[in-house]
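Source file my_file-v6.cif; content: mmCIF, C-alpha atoms.
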data_upload
#
loop_
_atom_site.label_atom_id
_atom_site.label_comp_id
_atom_site.auth_asym_id
_atom_site.auth_seq_id
_atom_site.Cartn_x
_atom_site.Cartn_y
_atom_site.Cartn_z
CA MET A 1 28.42 3.82 7.91
CA GLY A 2 26.99 5.15 11.14
CA GLU A 3 28.30 7.66 13.63
CA GLY A 4 31.97 7.10 14.29
CA GLY A 5 32.22 5.34 10.93
CA GLU A 6 31.45 1.85 12.25
CA LYS A 7 29.30 -0.49 10.24
CA ARG A 8 26.23 -1.56 12.24
CA LYS A 9 24.92 -5.07 11.97
CA LEU A 10 21.63 -6.74 12.86
CA SER A 11 21.24 -10.50 12.77
CA ILE A 12 18.01 -12.32 13.49
CA ILE A 13 17.40 -16.01 14.09
CA VAL A 14 13.88 -16.39 12.70
CA PHE A 15 12.54 -19.42 14.57
CA SER A 16 8.81 -18.62 14.54
CA GLY A 17 6.42 -19.06 11.65
CA THR A 18 3.44 -16.99 12.79
CA VAL A 19 2.73 -13.61 11.31
CA ASP A 20 2.82 -11.78 14.66
CA ARG A 21 6.52 -12.67 14.84
CA LEU A 22 7.40 -12.62 11.15
CA MET A 23 6.05 -9.08 10.83
CA PRO A 24 8.53 -7.59 13.32
CA VAL A 25 11.30 -9.47 11.48
CA GLY A 26 10.26 -7.75 8.23
CA ILE A 27 9.91 -4.35 9.89
CA LEU A 28 13.26 -4.51 11.70
CA ALA A 29 15.07 -5.91 8.66
CA SER A 30 13.75 -3.24 6.30
CA SER A 31 14.32 -0.36 8.72
CA ALA A 32 17.84 -1.58 9.44
CA ALA A 33 18.63 -1.99 5.74
CA ALA A 34 17.35 1.51 4.97
CA SER A 35 19.50 2.86 7.82
CA GLY A 36 22.68 1.31 6.47
CA TYR A 37 22.92 -1.75 8.69
CA GLU A 38 24.16 -5.06 7.40
CA VAL A 39 21.31 -7.54 8.01
CA ASN A 40 21.47 -11.32 8.36
CA LEU A 41 18.30 -13.36 8.61
CA PHE A 42 18.64 -17.03 9.55
CA PHE A 43 15.39 -18.95 9.08
CA THR A 44 15.10 -22.14 11.11
CA PHE A 45 12.30 -24.47 12.24
CA TRP A 46 8.86 -22.79 11.89
CA GLY A 47 10.48 -19.73 10.39
CA LEU A 48 11.89 -21.92 7.64
CA GLN A 49 8.45 -23.40 7.00
CA ALA A 50 7.22 -19.86 6.33
CA ILE A 51 9.73 -19.18 3.54
CA THR A 52 8.82 -22.10 1.31
CA LYS A 53 7.23 -21.12 -2.01
CA LYS A 54 4.23 -23.22 -1.03
CA ALA A 55 3.66 -21.39 2.29
CA ILE A 56 4.01 -17.98 0.68
CA GLN A 57 1.63 -18.81 -2.17
CA ALA A 58 -0.92 -20.14 0.31
CA MET A 59 -0.79 -16.97 2.45
CA ARG A 60 -4.00 -14.98 2.46
CA GLU A 61 -6.06 -12.98 4.90
CA GLU A 62 -8.22 -15.94 5.99
CA THR A 63 -5.30 -18.27 6.62
CA LEU A 64 -3.02 -15.90 8.52
CA LYS A 65 -1.53 -17.70 11.53
CA VAL A 66 -0.83 -15.93 14.80
CA ASP A 67 0.50 -17.23 18.12
CA LEU A 68 -2.10 -19.58 19.67
CA ASN A 69 -2.23 -17.44 22.84
CA TYR A 70 -3.55 -14.55 20.76
CA GLN A 71 -5.60 -16.52 18.26
CA GLU A 72 -8.75 -14.46 18.85
CA PHE A 73 -6.95 -11.40 17.44
CA GLY A 74 -5.94 -13.18 14.22
CA PRO A 75 -8.91 -12.30 11.99
CA MET A 76 -9.04 -8.73 13.28
CA ILE A 77 -5.38 -7.94 12.61
CA ALA A 78 -5.47 -9.70 9.23
CA LYS A 79 -8.39 -7.48 8.25
CA ARG A 80 -6.71 -4.32 9.55
CA MET A 81 -3.48 -5.13 7.72
CA SER A 82 -5.38 -5.29 4.40
CA GLU A 83 -7.36 -2.14 5.18
CA MET A 84 -4.13 -0.31 6.03
CA LYS A 85 -2.59 -1.66 2.80
CA TYR A 86 0.25 -2.80 5.02
CA PRO A 87 2.88 -4.86 3.20
CA THR A 88 3.22 -8.55 4.01
CA TRP A 89 6.23 -9.59 6.08
CA TYR A 90 7.93 -11.12 3.03
CA GLN A 91 7.32 -7.99 0.95
CA LEU A 92 9.14 -6.11 3.73
CA ILE A 93 12.03 -8.55 3.46
CA MET A 94 12.19 -8.18 -0.32
CA ASP A 95 12.03 -4.41 0.11
CA ALA A 96 14.85 -4.64 2.68
CA LYS A 97 16.93 -6.59 0.15
CA SER A 98 16.46 -3.91 -2.50
CA GLN A 99 17.46 -1.21 0.01
CA GLY A 100 20.67 -2.55 1.43
CA GLU A 101 22.93 -5.35 2.45
CA VAL A 102 20.48 -8.07 3.52
CA ARG A 103 21.21 -11.79 3.37
CA VAL A 104 18.57 -14.45 3.88
CA PHE A 105 19.79 -17.84 5.04
CA ALA A 106 17.96 -21.13 5.34
CA CYS A 107 18.98 -23.64 8.04
CA SER A 108 20.26 -26.81 6.39
CA THR A 109 19.37 -29.08 9.32
CA THR A 110 15.76 -27.90 9.39
CA MET A 111 15.56 -28.54 5.66
CA GLY A 112 16.62 -32.10 6.38
CA PHE A 113 14.11 -32.52 9.25
CA PHE A 114 11.21 -31.36 7.07
CA ASN A 115 12.52 -32.71 3.79
CA ILE A 116 12.58 -29.28 2.17
CA LYS A 117 14.70 -28.88 -0.98
CA ARG A 118 16.51 -25.81 -2.30
CA GLU A 119 13.93 -25.43 -5.07
CA ASP A 120 11.10 -25.42 -2.50
CA LEU A 121 12.42 -22.19 -0.96
CA ALA A 122 11.34 -18.66 -1.90
CA ASP A 123 13.55 -16.83 -4.39
CA PHE A 124 14.64 -14.26 -1.79
CA VAL A 125 16.67 -16.94 0.03
CA ASP A 126 20.37 -16.38 -0.67
CA ASP A 127 21.99 -19.45 0.75
CA ILE A 128 21.63 -22.63 2.78
CA VAL A 129 23.94 -22.56 5.76
CA GLY A 130 24.51 -23.94 9.24
CA ALA A 131 24.90 -22.43 12.70
CA ALA A 132 28.64 -21.79 12.35
CA THR A 133 28.11 -19.59 9.30
CA PHE A 134 25.39 -17.62 11.03
CA LEU A 135 27.48 -17.14 14.20
CA ASP A 136 30.39 -15.97 12.09
CA ARG A 137 28.29 -13.47 10.17
CA ALA A 138 26.51 -12.22 13.31
CA GLN A 139 29.72 -11.64 15.25
CA GLY A 140 30.20 -8.07 16.46
CA GLY A 141 26.61 -7.00 15.82
CA GLU A 142 23.26 -7.22 17.53
CA THR A 143 21.51 -10.59 17.41
CA LEU A 144 17.86 -11.36 18.06
CA PHE A 145 15.99 -14.65 18.35
CA ILE A 146 12.42 -14.25 17.19
CA MET B 1 4.83 31.24 6.03
CA SER B 2 8.40 32.12 5.09
CA GLN B 3 10.29 29.36 3.36
CA PRO B 4 14.02 29.52 3.94
CA PHE B 5 14.78 26.12 2.36
CA ARG B 6 14.60 25.28 -1.31
CA ILE B 7 12.75 21.98 -1.56
CA THR B 8 13.97 19.62 -4.26
CA LYS B 9 11.25 17.01 -3.95
CA THR B 10 8.19 16.17 -1.87
CA LEU B 11 7.38 12.71 -0.59
CA ASP B 12 3.79 12.16 0.41
CA ALA B 13 3.92 9.34 2.96
CA ARG B 14 0.61 10.23 4.57
CA GLY B 15 -1.39 7.13 5.55
CA MET B 16 1.74 4.96 5.73
CA TYR B 17 2.87 3.29 8.93
CA CYS B 18 6.32 2.27 10.19
CA PRO B 19 8.54 1.37 8.36
CA GLY B 20 6.86 2.98 5.30
CA PRO B 21 7.92 6.63 5.78
CA VAL B 22 11.54 5.66 6.53
CA MET B 23 11.73 3.18 3.65
CA GLU B 24 10.30 5.69 1.17
CA THR B 25 12.55 8.46 2.49
CA ALA B 26 15.60 6.24 2.03
CA LYS B 27 14.52 5.32 -1.52
CA VAL B 28 13.91 8.90 -2.62
CA MET B 29 17.06 10.23 -0.96
CA ARG B 30 19.09 7.75 -2.92
CA GLN B 31 17.94 9.44 -6.15
CA LEU B 32 18.76 12.96 -4.92
CA ASN B 33 22.07 14.81 -5.01
CA VAL B 34 24.12 16.05 -2.06
CA GLY B 35 22.65 19.36 -0.89
CA ASP B 36 19.11 18.55 -2.08
CA VAL B 37 16.25 18.92 0.39
CA LEU B 38 13.43 16.39 0.63
CA GLU B 39 10.11 17.38 2.12
CA VAL B 40 8.37 14.41 3.77
CA LEU B 41 4.69 14.58 4.68
CA ALA B 42 3.51 11.87 7.06
CA THR B 43 0.72 11.02 9.46
CA ASP B 44 2.46 8.15 11.27
CA PRO B 45 3.26 9.38 14.81
CA ALA B 46 6.56 7.47 14.55
CA ALA B 47 7.67 9.39 11.45
CA LYS B 48 9.44 12.19 13.34
CA PRO B 49 11.58 10.10 15.71
CA ASP B 50 12.15 7.45 13.03
CA ILE B 51 13.29 9.83 10.29
CA GLU B 52 15.47 11.69 12.81
CA ALA B 53 17.08 8.38 13.83
CA TRP B 54 17.45 7.37 10.19
CA ALA B 55 19.15 10.70 9.40
CA ARG B 56 21.58 10.33 12.34
CA ARG B 57 22.40 6.81 11.27
CA THR B 58 22.91 7.59 7.58
CA GLY B 59 24.67 10.95 8.05
CA ASN B 60 21.91 13.17 6.66
CA GLN B 61 20.33 16.21 8.30
CA VAL B 62 16.82 17.00 9.48
CA LEU B 63 16.43 20.74 8.89
CA GLU B 64 12.96 21.34 10.15
CA VAL B 65 9.95 19.53 11.63
CA GLN B 66 6.48 21.05 11.71
CA GLN B 67 3.14 19.64 12.75
CA HIS B 68 0.11 20.80 10.77
CA GLY B 69 -2.95 19.11 12.24
CA ASP B 70 -2.52 15.36 11.66
CA THR B 71 0.27 15.87 9.17
CA ILE B 72 3.89 16.18 10.11
CA ARG B 73 6.25 17.90 7.68
CA ILE B 74 9.92 16.99 7.85
CA LEU B 75 12.65 18.56 5.75
CA VAL B 76 15.69 16.34 5.24
CA LYS B 77 18.88 17.51 3.60
CA LYS B 78 21.09 15.05 1.80
CA LEU B 79 24.63 15.40 3.14
CA LYS B 80 26.23 12.35 1.57
#

Translate the structure of the given file into structure tokens.
Amino acid sequence: MGEGGEKRKLSIIVFSGTVDRLMPVGILASSAAASGYEVNLFFTFWGLQAITKKAIQAMREETLKVDLNYQEFGPMIAKRMSEMKYPTWYQLIMDAKSQGEVRVFACSTTMGFFNIKREDLADFVDDIVGAATFLDRAQGGETLFI
Amino acid sequence: MSQPFRITKTLDARGMYCPGPVMETAKVMRQLNVGDVLEVLATDPAAKPDIEAWARRTGNQVLEVQQHGDTIRILVKKLK
């Protein structure tokens, strides 16, 4: 509960699959969870690609993807993140889940488009849902599209 | 230096960056009892505003903030 006793809520549509956008998702989700917010993360399109077991297992410093416009910074930030011992974006999400009320949703339509099955998804995914479920859960809170 | 607060536990979050100090503060505070005081040491420049915001949001109290060189020392009291 926050000031005034209201429950705060943060919902994020995670559309992007590059680390420069997934990192802020992890940081906001974990900070919000630690501060008592309810958090909903809805992974769709390239964001959904990033939460497959295969993508997570393949993630390493050399293969870190950033937005094409900032590609030249990719190797440098990947190196700095390891030197800083900074957690990966999905470690931040798992940490967020252990701290508070955080739900991770996978977009069912995207799963169809890319032929991704339930068992292909990372274990931190709670449920496969559609837009109506996300809109319902996000109602009354703050919503971001990243 | 006089020490008016009895510190229950110290969290060394030096070298961590956002959201590390807040996440660790939240984790340790969960294990403490109401009335306990946590001392947080951090070097992240965001630690002060972030822990103050976290305390406002979660209904806990920042008692004191001191800067010693690169290290910031924040005392947080568990209120609930």

Q: Starting from the shown file, work through the PyMOL selection byres ((chain B) within 12 of (chain A)) and note down what comes out as number ranges by chain.
A: B: 14-30, 44, 50-60, 80

Can you write out the residues you just picked, keeping C-alpha atoms, as a PDB file, keeping the file's coordinate frame?
ATOM      1  CA  ARG B  14       0.610  10.230   4.570  1.00  0.00           C
ATOM      2  CA  GLY B  15      -1.390   7.130   5.550  1.00  0.00           C
ATOM      3  CA  MET B  16       1.740   4.960   5.730  1.00  0.00           C
ATOM      4  CA  TYR B  17       2.870   3.290   8.930  1.00  0.00           C
ATOM      5  CA  CYS B  18       6.320   2.270  10.190  1.00  0.00           C
ATOM      6  CA  PRO B  19       8.540   1.370   8.360  1.00  0.00           C
ATOM      7  CA  GLY B  20       6.860   2.980   5.300  1.00  0.00           C
ATOM      8  CA  PRO B  21       7.920   6.630   5.780  1.00  0.00           C
ATOM      9  CA  VAL B  22      11.540   5.660   6.530  1.00  0.00           C
ATOM     10  CA  MET B  23      11.730   3.180   3.650  1.00  0.00           C
ATOM     11  CA  GLU B  24      10.300   5.690   1.170  1.00  0.00           C
ATOM     12  CA  THR B  25      12.550   8.460   2.490  1.00  0.00           C
ATOM     13  CA  ALA B  26      15.600   6.240   2.030  1.00  0.00           C
ATOM     14  CA  LYS B  27      14.520   5.320  -1.520  1.00  0.00           C
ATOM     15  CA  VAL B  28      13.910   8.900  -2.620  1.00  0.00           C
ATOM     16  CA  MET B  29      17.060  10.230  -0.960  1.00  0.00           C
ATOM     17  CA  ARG B  30      19.090   7.750  -2.920  1.00  0.00           C
ATOM     18  CA  ASP B  44       2.460   8.150  11.270  1.00  0.00           C
ATOM     19  CA  ASP B  50      12.150   7.450  13.030  1.00  0.00           C
ATOM     20  CA  ILE B  51      13.290   9.830  10.290  1.00  0.00           C
ATOM     21  CA  GLU B  52      15.470  11.690  12.810  1.00  0.00           C
ATOM     22  CA  ALA B  53      17.080   8.380  13.830  1.00  0.00           C
ATOM     23  CA  TRP B  54      17.450   7.370  10.190  1.00  0.00           C
ATOM     24  CA  ALA B  55      19.150  10.700   9.400  1.00  0.00           C
ATOM     25  CA  ARG B  56      21.580  10.330  12.340  1.00  0.00           C
ATOM     26  CA  ARG B  57      22.400   6.810  11.270  1.00  0.00           C
ATOM     27  CA  THR B  58      22.910   7.590   7.580  1.00  0.00           C
ATOM     28  CA  GLY B  59      24.670  10.950   8.050  1.00  0.00           C
ATOM     29  CA  ASN B  60      21.910  13.170   6.660  1.00  0.00           C
ATOM     30  CA  LYS B  80      26.230  12.350   1.570  1.00  0.00           C
TER      31      LYS B  80
END

Q | atom CA of A:Ile146 to atom CA of A:Met81, distance in Å rounded to a single decimal | A | 20.6 Å

Q: Apply the PyMOL selection byres ((chain A and resi 135-145) around 12) to the file shown and report the selected residues as a ChimeraX atom specification.
A: /A:6-16,21-22,24-25,28-29,32,37-44,47,102-105,129-134,146

Quick check on the file I pasted: which residues fall under the PyMOL selection byres ((chain B and resi 77) around 8)? Write them as a short mmCIF file (atom, residue, chain, number, x, y, z; two decimals) with C-alpha atoms, keeping the file's coordinate frame.
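What ended up in expr_15.cif:
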data_model
loop_
_atom_site.label_atom_id
_atom_site.label_comp_id
_atom_site.auth_asym_id
_atom_site.auth_seq_id
_atom_site.Cartn_x
_atom_site.Cartn_y
_atom_site.Cartn_z
CA VAL B 34 24.12 16.05 -2.06
CA GLY B 35 22.65 19.36 -0.89
CA ASP B 36 19.11 18.55 -2.08
CA VAL B 37 16.25 18.92 0.39
CA LEU B 38 13.43 16.39 0.63
CA ASN B 60 21.91 13.17 6.66
CA GLN B 61 20.33 16.21 8.30
CA VAL B 62 16.82 17.00 9.48
CA LEU B 63 16.43 20.74 8.89
CA LEU B 75 12.65 18.56 5.75
CA VAL B 76 15.69 16.34 5.24
CA LYS B 78 21.09 15.05 1.80
CA LEU B 79 24.63 15.40 3.14
#

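Interatomic distance, atom CA of A:Leu64 against atom CA of A:Leu48: 16.1 Å.
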
Q. Quick one, how far is atom CA of B:Leu41 from atom CA of B:Asp12?
A.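 The value is 5.0 Å.
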
Return as lines of an AutoDock Vina configuration file the centre and edge lengths, in Å with one decimal, of the box along x, y and z that encloses every atom of stretch 59-71 of chain B in the file, padded by 6 Å per side.
center_x = 10.9
center_y = 16.1
center_z = 9.7
size_x = 39.6
size_y = 22.4
size_z = 18.1

(Q) Given all atoms listed in the file as the basis, pick out the residue of A:Val66, A:Met23, A:Ile77, A:Ile51 nearest to A:Asp126. (A) A:Ile51

Q | Minimum-distance residue to A:Ala55, chosen among A:Ala78, A:Ala106, A:Glu83, A:Gly17 (using only C-alpha atoms) | A |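 Residue with the minimum atom-to-atom distance to A:Ala55: A:Gly17.
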